[in-house]
Amino acid sequence: MKLKNRLGQGDFSFLAPIIAIAIGLLFGLGILLVSNPGQALDGFITILTGAFRDMRSLGRIMYFATPIILTGLSVGFAFKTGLFNIGAPGQFILGAFGAVLVGIKLPQLGGVHWLVALLAALVLGAFWALLPGLLKAFANVHEVIASIMMNYIGMYLVNYLVQNNIYDRLRNQSLGVARSAVIPRWGLDKVFPRSNVNAGFFIALLAAIVIYIILNKTAFGFELKAVGYNRDASKYAGINEKRNIVLSMVIAGALSGLGGGLLYLAGTGKFIEVVDVLAAEGFTGIPVALLGMSNPIGIIFAGLFIGYITVGGDYMQLYDFVPEIIDIIIASIIYFSAFSLIVRNIIQRRLKLRGGKVQ
Amino acid sequence: MEYIIEMLGITKEFPGIVANDQVTLQVKNGEIHALLGENGAGKSTLMNVLFGLYQPEKGKIKIRGQEVRISGPQEANALKIGMVHQHFMLVDSFTVLQNIVLGQETVAGGLLRMEDARKKVVALSERYGLKVDPDSLVSDITVGMQQRVEILKMLYRDNEILIFDEPTAVLTPQEIDELMDTMRGLAAEGKSIIFITHKLNEIKAAAHRCTVLRRGKSVGVVEVAATSKETLSEMMVGRKISLEVNLTPQSRGPAVLTVDKLTVRSRRQGHAKNVVDGVSFSVSKGEILCIAGIDGNGQTELVHALTGLMPPDSGRLTLNGVDITGRSVRYRNTHGLSHIPEDRHKHGLVLDYNLEDNLALQNYFLPGFQKHGFLRREKIREYALELIERYDIRSGQGPQTPARSMSGGNQQKAIVAREINRNSDLLVAVQPTRGLDVGAIEYIHRKLVEQRNAGKAVLLISLELDEVMNLSDRILVIYQGVIVADLVPQKINMRELGLYMAGSSPAAAKEGGH
């Protein structure tokens with residue numbers, strides 16, 4: 001109750017995403033009916049239930065959710081502090097590169113190898129957000145413009161660096177990382193066999209909790225949010241608003257970078273491919289943050305939800321649905337779900353019409 | 001037909017509150033009818049009902065004797081009702097003429113025909129003495145002229161019932177006088193005017209009759225000429241109000257703030273002039289020093305330089321004997337400076353934070369309120385409750401109330417509470433009563449005097465002549481960035497002060513006390 005009030009969402013913070021998800025699912029059903037009427041209902045039930053058919057599927061939900069929880073946190077955290085971090089794809093791939101580079105080049109680190117590699121991911125992600133942060137704070141360049149540019153610079157830079165340092169010529173991708181750089185399973189492979197889920201999921205949860213605490217419990221978070229809400233009043237209250245803007249972007253970048261590290265060190269045959277495509281996990285962070293209403297705990301659930309839909313969608317291939325259609329359906333569910341903000345606004349406007357403020 | 005507008009027994013409810021409770025407003029043809037009430041008394045709700053933006057639960061509206069149902073602004077317009085909003089509805093990048101005809105353009109064959117419109121606008125502006133330049137861009141003209149454009153907009157549409165919603169809040173004293181003349185002229189030409197305000201002087205100056213609202217109810221209708229200001233304010237607030245402040249003479253202590261040849265250059269390109277030009281003065285313990293001046297004569301820049309929001313180009317600031325010229329805002333705030341800012345929404349509050357977070361905005365980082373970087377929420381709550389109690393800050397949900405949803409008066413009280421309670425040696429109060437009603441003004445004046453009597457230094461920046469004359473131990477007049485007079489209120493009158501503020505050295509007026 002206390003938290004909700006502080007977010008200014010009244011009692012409807014849960015209602016809005018649920019309505020948005022329902023709309024998204026209905027839209028998905030519509031596409032199914034258009035593309036393959038005979039199998040539509042079976043397909044739809046598969047999307048909803050597929051993820052619960054066995055322990056492996058449950059594990060896969062967590063595996064898919066891990067990187068997008070991090071990018072979701074990245075976007076959501078920036079949003080809470082008044083910034084729109086659309087640079088998650090660039091920060092994500094820079095982080096991935098940092099992790100893979102350390103993972104290949106420094107096997108002598110032994111037991112802490114994977115941790116150092118993740119640290120490299122964090123640092124490179126943060127570094128990639130530093131420039132947009134500085135530009136915003138000191139030159140008033142809008143962070144959206146700067147970070148979109150940084151996405152493309154990052155993508156081509158990583159392609160170049162991979163080709164020159166850790167290139168697998170045959171497959172046009174990065175080399176494999178050392179065994180010691182792979183994130184340990186911590187017994188999760190026993191509970192969720194053959195699902196690829198690993199300790200990275202716990203790291204994502206930990207990151208969400210840390211961000212929650214920073215935003216809601218610390219003086220630092222109090223300042224970050226104050227700057228986000230009202231830069232002038234923050235300056236008036238003696239807050240170093242420029243420093244806080246830079247720090248916000250850097251933390252957001254670190255989260256995205258860490259997400260990249262977690263995905264590419266999962267030991268699941270994921271390599272950095274040398275292609276001209278921005279990292280999808282980066283952009284998926286935006287709907288995750290929206291669906292989670294930028295609340296770190298909400299973002300965990302939003303990430304899990306999208307993982308769940310993705311896993312369920314995979315099983316639809318059993319019903320003659322081509323993978324492209326499945327992708328479209330999943331994407332539309334995700335993007336409609338991200339309308340929770342709009343839904344919230346509609347709810348609030350309705351309430352206001354019925355009553356609201358009195359002058 | 002005696003009344004042109006009759007709103008009879010209007011009741012408008014919102015969940016949990018009756019905004020208008022059996023309110024009756026009757027306006028005679030050709031009169032200026034003031035609608036007086038504190039913030040939140042229901043004035044705006046009543047006007048929104050008249051404009052069809054709200055539908056009342058009970059009551060009826062008669063225009064020119066005919067009962068009408070108004071379901072939207074278009075219908076209000078068709079009934080020849082027009083309104084000058086407090087915040088002007090003008091397109092900045094259009095010319096004056098374009099703004100006036102907007103929505104009522106004369107068109108021939110799909111092309112604009114501005115010539116007829118221009119003739120009509122020029123004729124109207126001459127007839128009512130509303131000086132405007134039809135071809136200036138709205139963004140280039142003064143606020144006072146923008147308001148004249150708004151009035152011309154109503155006249156251009158042949159409106160006969162003109163509503164002015166707190167029209168003087170944004171004007172300089174001279175512009176206010178001109179507006180009062182204009183309103184009287186309009187009434188003399190047969191227009192009926194509803195004048196929404198909480199400033200008693202203006203009611204006395206312009207209005208014929210006055211309906212007073214208090215907490216959603218009409219308290220009464222009075223003939224203005226036969227009613228004293230005291231009675232009006234008592235009707236509005238529900239208790240006796242006194243804006244007379246008794247400054248008991250007391251000896252000044254040592255200087256707290258010394259300003260030495262402070263200069264701020266204009267940040268606008270192509271302006272070589274100094275906005276603050278070599279200003280020197282000092283404020284001592286136990287006095288209220290007032291800097292009086294018409295808006296835009298360098299007060300904002302002076303205050304920003306004092307409080308650290310903007311670096312000065314030259315000069316020296318000394319606070320309690322320490323040079324603070326290059327120090328940060330945080331340093332000044334924690335070393336004896338409190339600041340009630342000019343714009344409470346821009347600088348004073350984080351509107352999306354709740355009341356308690358706003359009350360803690362200047363001390364959340366102090367040891368009592370945080371430990372190892374973690375906020376001590378229970379301490380912040382305790383502190384907020386204490387301030388709310390002590391400073392009588394009223395709000396819907398106590399410390400949890402979003403600042404945005406509070407009334408202007410209570411927002412200002414929250415800022416005053418936060419700044420005064422820090423017990424700083426120097427309080428810089430910039431237009432602390434702007435836009436507030438009499439009750440809140442009385443309260444804030446009392447608090448400032450309390451600070452003075454407690455031996456603090458108070459630097460008051462004000463545009464209001466009454467406030468300046470009533471509240472100051474000393475007056476400095478600022479004109480075009482320069483201090484042009486150093487006066488004592490007992491030795492001058494308002495007219496002389498006004499002349500100084502307007503920049504004319506009153507050779508005719510007698511020498512002010514130096």
# chains A, B, ... in the order shown; residues from 1 in each chain; ligands from 1
>>> residues_around(residues="Gly59 in chain B", least_positions_apart="4", cutoff="7 Å", atoms="only C-alpha atoms", output="list in words")
Leu8, Gly9, Ile10 and Thr11 of chain B
>>> residues_around(residues="Ser35 in chain A", least_positions_apart="3", cutoff="8 Å", atoms="only C-alpha atoms", output="list in words")
Ile31, Leu32 and Ile325 of chain A
>>> write_last_selection(atoms="C-alpha atoms", output="PDB file, in the first residue's frame")
ATOM      1  CA  ILE A  31      -4.195 -13.894 -35.424  1.00  0.00           C
ATOM      2  CA  LEU A  32      -4.425 -17.630 -34.848  1.00  0.00           C
ATOM      3  CA  ILE A 325       3.530 -17.024 -37.366  1.00  0.00           C
TER       4      ILE A 325
END
>>> interface_residues(of="chain B", to="chain A", cutoff="6 Å", atoms="only C-alpha atoms", output="MDAnalysis selection string")
chainID B and resid 14:15 40 44 329:330 347:348 350 362 373:375
>>> residues_around(residues="Glu31 in chain B", least_positions_apart="5", cutoff="12 Å", atoms="only C-alpha atoms", output="list in words")
Glu2, Tyr3, Ile4, Ile5, Gln26, Glu160, Ile161, Leu162, Ile163, Met183, Arg184, Gly185, Leu186, Ala187, Ala188, Glu189, Gly190, Lys191, Ser192, Ile193, Ile194, Phe195, Ala206, Ala207, His208, Arg209, Cys210, Glu223 and Val224 of chain B
>>> write_last_selection(atoms="N, CA and C atoms", output="PDB file, in the first residue's frame")
ATOM      1  N   GLU B   2     -33.965  41.739 -15.430  1.00  0.00           N
ATOM      2  CA  GLU B   2     -32.978  42.346 -14.559  1.00  0.00           C
ATOM      3  C   GLU B   2     -31.650  41.596 -14.606  1.00  0.00           C
ATOM      4  N   TYR B   3     -31.743  40.277 -14.541  1.00  0.00           N
ATOM      5  CA  TYR B   3     -30.514  39.494 -14.496  1.00  0.00           C
ATOM      6  C   TYR B   3     -30.191  38.907 -15.855  1.00  0.00           C
ATOM      7  N   ILE B   4     -28.922  39.007 -16.253  1.00  0.00           N
ATOM      8  CA  ILE B   4     -28.539  38.384 -17.512  1.00  0.00           C
ATOM      9  C   ILE B   4     -28.159  36.920 -17.283  1.00  0.00           C
ATOM     10  N   ILE B   5     -27.535  36.653 -16.124  1.00  0.00           N
ATOM     11  CA  ILE B   5     -27.228  35.267 -15.766  1.00  0.00           C
ATOM     12  C   ILE B   5     -27.848  34.973 -14.416  1.00  0.00           C
ATOM     13  N   GLN B  26     -26.329  35.553  -9.276  1.00  0.00           N
ATOM     14  CA  GLN B  26     -27.173  36.329 -10.178  1.00  0.00           C
ATOM     15  C   GLN B  26     -26.421  37.578 -10.612  1.00  0.00           C
ATOM     16  N   GLU B 160     -21.170  38.808 -24.756  1.00  0.00           N
ATOM     17  CA  GLU B 160     -21.734  39.850 -23.915  1.00  0.00           C
ATOM     18  C   GLU B 160     -21.509  39.580 -22.447  1.00  0.00           C
ATOM     19  N   ILE B 161     -21.232  38.298 -22.138  1.00  0.00           N
ATOM     20  CA  ILE B 161     -20.952  37.932 -20.749  1.00  0.00           C
ATOM     21  C   ILE B 161     -19.489  37.542 -20.701  1.00  0.00           C
ATOM     22  N   LEU B 162     -18.696  38.318 -19.979  1.00  0.00           N
ATOM     23  CA  LEU B 162     -17.253  38.103 -19.980  1.00  0.00           C
ATOM     24  C   LEU B 162     -16.816  37.620 -18.604  1.00  0.00           C
ATOM     25  N   ILE B 163     -16.109  36.496 -18.600  1.00  0.00           N
ATOM     26  CA  ILE B 163     -15.626  35.963 -17.331  1.00  0.00           C
ATOM     27  C   ILE B 163     -14.122  36.167 -17.271  1.00  0.00           C
ATOM     28  N   MET B 183     -12.033  47.047 -17.680  1.00  0.00           N
ATOM     29  CA  MET B 183     -13.245  46.345 -17.240  1.00  0.00           C
ATOM     30  C   MET B 183     -14.379  47.337 -17.006  1.00  0.00           C
ATOM     31  N   ARG B 184     -14.054  48.461 -16.388  1.00  0.00           N
ATOM     32  CA  ARG B 184     -15.097  49.470 -16.170  1.00  0.00           C
ATOM     33  C   ARG B 184     -15.643  49.974 -17.500  1.00  0.00           C
ATOM     34  N   GLY B 185     -14.735  50.141 -18.467  1.00  0.00           N
ATOM     35  CA  GLY B 185     -15.168  50.590 -19.785  1.00  0.00           C
ATOM     36  C   GLY B 185     -16.096  49.589 -20.451  1.00  0.00           C
ATOM     37  N   LEU B 186     -15.750  48.320 -20.338  1.00  0.00           N
ATOM     38  CA  LEU B 186     -16.571  47.279 -20.939  1.00  0.00           C
ATOM     39  C   LEU B 186     -17.965  47.265 -20.318  1.00  0.00           C
ATOM     40  N   ALA B 187     -18.002  47.402 -18.992  1.00  0.00           N
ATOM     41  CA  ALA B 187     -19.292  47.391 -18.310  1.00  0.00           C
ATOM     42  C   ALA B 187     -20.129  48.596 -18.746  1.00  0.00           C
ATOM     43  N   ALA B 188     -19.446  49.739 -18.910  1.00  0.00           N
ATOM     44  CA  ALA B 188     -20.162  50.941 -19.333  1.00  0.00           C
ATOM     45  C   ALA B 188     -20.758  50.758 -20.718  1.00  0.00           C
ATOM     46  N   GLU B 189     -20.124  49.921 -21.534  1.00  0.00           N
ATOM     47  CA  GLU B 189     -20.639  49.654 -22.874  1.00  0.00           C
ATOM     48  C   GLU B 189     -21.723  48.582 -22.865  1.00  0.00           C
ATOM     49  N   GLY B 190     -22.085  48.122 -21.673  1.00  0.00           N
ATOM     50  CA  GLY B 190     -23.201  47.189 -21.589  1.00  0.00           C
ATOM     51  C   GLY B 190     -22.812  45.726 -21.458  1.00  0.00           C
ATOM     52  N   LYS B 191     -21.516  45.446 -21.383  1.00  0.00           N
ATOM     53  CA  LYS B 191     -21.119  44.050 -21.184  1.00  0.00           C
ATOM     54  C   LYS B 191     -21.294  43.693 -19.709  1.00  0.00           C
ATOM     55  N   SER B 192     -21.595  42.425 -19.461  1.00  0.00           N
ATOM     56  CA  SER B 192     -21.690  41.971 -18.077  1.00  0.00           C
ATOM     57  C   SER B 192     -20.440  41.155 -17.766  1.00  0.00           C
ATOM     58  N   ILE B 193     -19.888  41.398 -16.594  1.00  0.00           N
ATOM     59  CA  ILE B 193     -18.595  40.801 -16.284  1.00  0.00           C
ATOM     60  C   ILE B 193     -18.646  40.021 -14.982  1.00  0.00           C
ATOM     61  N   ILE B 194     -18.143  38.794 -15.038  1.00  0.00           N
ATOM     62  CA  ILE B 194     -17.915  38.041 -13.801  1.00  0.00           C
ATOM     63  C   ILE B 194     -16.415  38.060 -13.544  1.00  0.00           C
ATOM     64  N   PHE B 195     -16.045  38.523 -12.381  1.00  0.00           N
ATOM     65  CA  PHE B 195     -14.643  38.778 -12.064  1.00  0.00           C
ATOM     66  C   PHE B 195     -14.263  37.856 -10.902  1.00  0.00           C
ATOM     67  N   ALA B 206     -13.098  47.787  -8.743  1.00  0.00           N
ATOM     68  CA  ALA B 206     -13.820  47.596 -10.001  1.00  0.00           C
ATOM     69  C   ALA B 206     -15.252  47.096  -9.865  1.00  0.00           C
ATOM     70  N   ALA B 207     -15.530  46.282  -8.858  1.00  0.00           N
ATOM     71  CA  ALA B 207     -16.793  45.548  -8.901  1.00  0.00           C
ATOM     72  C   ALA B 207     -17.959  46.352  -8.346  1.00  0.00           C
ATOM     73  N   HIS B 208     -19.168  46.060  -8.847  1.00  0.00           N
ATOM     74  CA  HIS B 208     -20.389  46.649  -8.310  1.00  0.00           C
ATOM     75  C   HIS B 208     -20.923  45.807  -7.175  1.00  0.00           C
ATOM     76  N   ARG B 209     -21.102  44.531  -7.471  1.00  0.00           N
ATOM     77  CA  ARG B 209     -21.597  43.636  -6.431  1.00  0.00           C
ATOM     78  C   ARG B 209     -20.666  42.438  -6.330  1.00  0.00           C
ATOM     79  N   CYS B 210     -20.810  41.689  -5.257  1.00  0.00           N
ATOM     80  CA  CYS B 210     -19.883  40.596  -5.023  1.00  0.00           C
ATOM     81  C   CYS B 210     -20.602  39.422  -4.377  1.00  0.00           C
ATOM     82  N   GLU B 223     -23.319  44.632  -1.849  1.00  0.00           N
ATOM     83  CA  GLU B 223     -22.978  45.801  -2.651  1.00  0.00           C
ATOM     84  C   GLU B 223     -21.559  46.191  -2.247  1.00  0.00           C
ATOM     85  N   VAL B 224     -20.654  46.246  -3.216  1.00  0.00           N
ATOM     86  CA  VAL B 224     -19.250  46.448  -2.881  1.00  0.00           C
ATOM     87  C   VAL B 224     -19.025  47.818  -2.236  1.00  0.00           C
TER      88      VAL B 224
END
>>> residues_around(residues="range 355-358 of chain B", least_positions_apart="4", cutoff="7 Å", atoms="only C-alpha atoms", output="number ranges by chain")
B: 349-350, 380-381, 384, 399-403
>>> residues_around(residues="Val158 in chain A", least_positions_apart="2", cutoff="9 Å", atoms="only C-alpha atoms", output="number ranges by chain")
A: 93-94, 97, 153-156, 160-163, 272, 274
>>> write_last_selection(atoms="C-alpha atoms", output="compact mmCIF listing (two decimals), in the first residue's frame")
# COMPACT_ATOMS: atom_id res chain seq x y z
CA ILE A 93 25.87 -6.52 -26.85
CA LEU A 94 28.82 -4.63 -25.39
CA PHE A 97 31.34 -9.00 -25.80
CA ILE A 153 27.99 2.08 -33.01
CA GLY A 154 28.01 -0.70 -30.42
CA MET A 155 26.74 -3.34 -32.80
CA TYR A 156 29.33 -2.59 -35.50
CA TYR A 160 34.67 -5.59 -35.64
CA LEU A 161 36.17 -6.55 -32.30
CA VAL A 162 34.91 -10.11 -32.55
CA GLN A 163 36.39 -10.51 -36.03
CA ILE A 272 28.05 -13.58 -30.75
CA VAL A 274 28.66 -11.24 -36.75
>>> select_by_dssp(residues="range 18-188 of chain B", states="strand (DSSP E or B)", output="ChimeraX atom specification")
/B:18-28,32-36,58-63,66-68,81-84,95,107-108,111-112,137,161-165
>>> write_last_selection(atoms="C-alpha atoms", output="short mmCIF file (atom, residue, chain, number, x, y, z; two decimals), in the first residue's frame")
data_model
loop_
_atom_site.label_atom_id
_atom_site.label_comp_id
_atom_site.auth_asym_id
_atom_site.auth_seq_id
_atom_site.Cartn_x
_atom_site.Cartn_y
_atom_site.Cartn_z
CA VAL B 18 -19.67 18.81 -2.32
CA ALA B 19 -17.90 21.37 -4.49
CA ASN B 20 -20.96 23.56 -4.93
CA ASP B 21 -23.77 23.31 -2.41
CA GLN B 22 -26.94 25.19 -3.41
CA VAL B 23 -24.92 28.02 -4.85
CA THR B 24 -26.79 30.93 -6.37
CA LEU B 25 -25.16 33.55 -8.55
CA GLN B 26 -27.17 36.33 -10.18
CA VAL B 27 -25.46 38.83 -12.44
CA LYS B 28 -27.20 41.98 -13.57
CA ILE B 32 -19.13 43.86 -12.82
CA HIS B 33 -19.90 41.05 -10.48
CA ALA B 34 -17.05 39.73 -8.37
CA LEU B 35 -16.93 36.10 -7.35
CA LEU B 36 -14.84 35.98 -4.21
CA LYS B 58 -29.25 20.14 -8.87
CA GLY B 59 -30.14 23.67 -9.83
CA LYS B 60 -30.91 25.54 -13.00
CA ILE B 61 -29.27 28.13 -15.18
CA LYS B 62 -31.11 31.01 -16.79
CA ILE B 63 -29.49 33.23 -19.39
CA GLN B 66 -34.48 31.78 -20.49
CA GLU B 67 -33.74 28.51 -18.76
CA VAL B 68 -30.92 26.74 -20.61
CA ILE B 81 -20.40 33.79 -22.86
CA GLY B 82 -16.62 34.20 -23.08
CA MET B 83 -13.79 33.69 -20.65
CA VAL B 84 -10.26 34.93 -20.12
CA THR B 95 0.38 36.96 -34.64
CA VAL B 107 -12.86 32.68 -45.58
CA ALA B 108 -13.53 33.23 -49.25
CA LEU B 111 -8.58 31.32 -48.69
CA LEU B 112 -8.27 33.43 -45.58
CA LEU B 137 3.91 37.59 -32.63
CA ILE B 161 -20.95 37.93 -20.75
CA LEU B 162 -17.25 38.10 -19.98
CA ILE B 163 -15.63 35.96 -17.33
CA PHE B 164 -12.22 36.95 -15.99
CA ASP B 165 -10.58 34.12 -14.05
#
>>> atom_distance(atom1="CA of Leu265 in chain A", atom2="CA of Val182 in chain A")
5.0 Å
>>> select_by_dssp(residues="range 107-280 of chain B", states="alpha helix (DSSP H)", output="PyMOL selection string")
chain B and resi 114-127+143-156+173-188+200-206+229-237
>>> residues_around(residues="range 101-113 of chain A", least_positions_apart="2", cutoff="10 Å", atoms="only C-alpha atoms", output="number ranges by chain")
A: 95-99, 115-121, 161-162, 165-166, 174-183, 261, 264-265
